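Q: Here you go, one structure.
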Amino acid sequence: MNPNDQLFIQLLYIFHSSAMQSMGKVKSPFTDKIERDLQQAKQSIDMIEMIKEKTKGNLSPEAAHILDGFLTELRLNFVDESNKDIVTPNQT
């Protein structure tokens with residue numbers, strides 16, 4: 001992997017970590033507490049999606065694979081966390 005790919009993946013990891021923290025999947029390093037802010041999580045996911053669109057056709061296969069994997073993981077976790085906020089008629 002070339003140095004630019006490594007830097008690119010580190011950049012993606014920053015947004016990935018931010019999204020996971022905002023979904024309450026990991027503790028905040030600042031407060032050492034689990035915090036949820038799904039709007040912030042969505043913004044981090046949207047940033048990765050924008051990066052994917054803007055770099056389309058310019059990434060190594062390995063970097064593209066990692067980007068896609070991050071997005072898949074984040075989207076699935078976001079849906080899971082969003083569904084926790086939905087109250088169904090059977091829940092009281």
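Scheme for the structure tokens: letters A, B, ... for chains in order shown; per-chain residue numbers from 1; ligand numbers from 1 in order shown.
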Using only C-alpha atoms, which protein or nucleic acid residues come within 8 Å of A:Gln21? Drop anything in the same chain fewer than 3 positions from it, and give the result as a ChimeraX atom specification.
A: /A:17-18,24-28,34-36,41
Q: Those residues with C-alpha atoms, as a PDB file, in the first residue's frame please?
A:
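Printed below is part_28.pdb as written:
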```pdb
ATOM      1  CA  SER A  17     -14.551   6.784  14.479  1.00  0.00           C
ATOM      2  CA  SER A  18     -16.582   9.972  14.776  1.00  0.00           C
ATOM      3  CA  GLY A  24     -22.939   5.430  21.013  1.00  0.00           C
ATOM      4  CA  LYS A  25     -20.951   2.416  19.859  1.00  0.00           C
ATOM      5  CA  VAL A  26     -17.748   3.605  21.541  1.00  0.00           C
ATOM      6  CA  LYS A  27     -16.999   5.919  24.455  1.00  0.00           C
ATOM      7  CA  SER A  28     -16.133   9.531  23.880  1.00  0.00           C
ATOM      8  CA  ILE A  34     -21.207   6.667  25.829  1.00  0.00           C
ATOM      9  CA  GLU A  35     -23.004   9.496  24.056  1.00  0.00           C
ATOM     10  CA  ARG A  36     -25.480   9.414  21.168  1.00  0.00           C
ATOM     11  CA  ALA A  41     -23.343  10.346  13.079  1.00  0.00           C
TER      12      ALA A  41
END
```
Q: Measuring atom to atom with only C-alpha atoms, identify which of A:Ala63, A:Leu12, A:Met1, A:Ile45 is nearest to A:Arg75.
A: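 Going through A:Ala63, A:Leu12, A:Met1, A:Ile45 one by one, the smallest distance to A:Arg75 is for A:Ile45.
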Q: Using only C-alpha atoms, can you tell me which of A:Glu53, A:Leu38, A:Ile9, A:Phe15 comes closest to A:Asp80?
A: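 Closest to A:Asp80 of all the choices is A:Leu38.
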Q: Using only C-alpha atoms, find the one residue out of A:Leu74, A:Met47, A:Leu59, A:Met20 that sits nearest to A:Phe8.
A: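 Once distances to A:Phe8 are computed over only C-alpha atoms, the minimum belongs to A:Leu59.
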Q: Between A:Ser82, A:Ser44, A:Thr31, A:Asn4, which has the minimum distance to A:Glu62 (counting only C-alpha atoms)?
A: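 Smallest separation from A:Glu62 among the options: A:Asn4.
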Q: If DSSP is run on the backbone, what residues of chain A are helix (DSSP H, G or I)? A reply as a count of residues only would be ideal.
A: 62
Q: Ranking A:Asn2, A:Lys52, A:Gln43, A:Phe78 by minimum distance to A:Ile66 and counting only C-alpha atoms, which one comes first?
A: A:Lys52
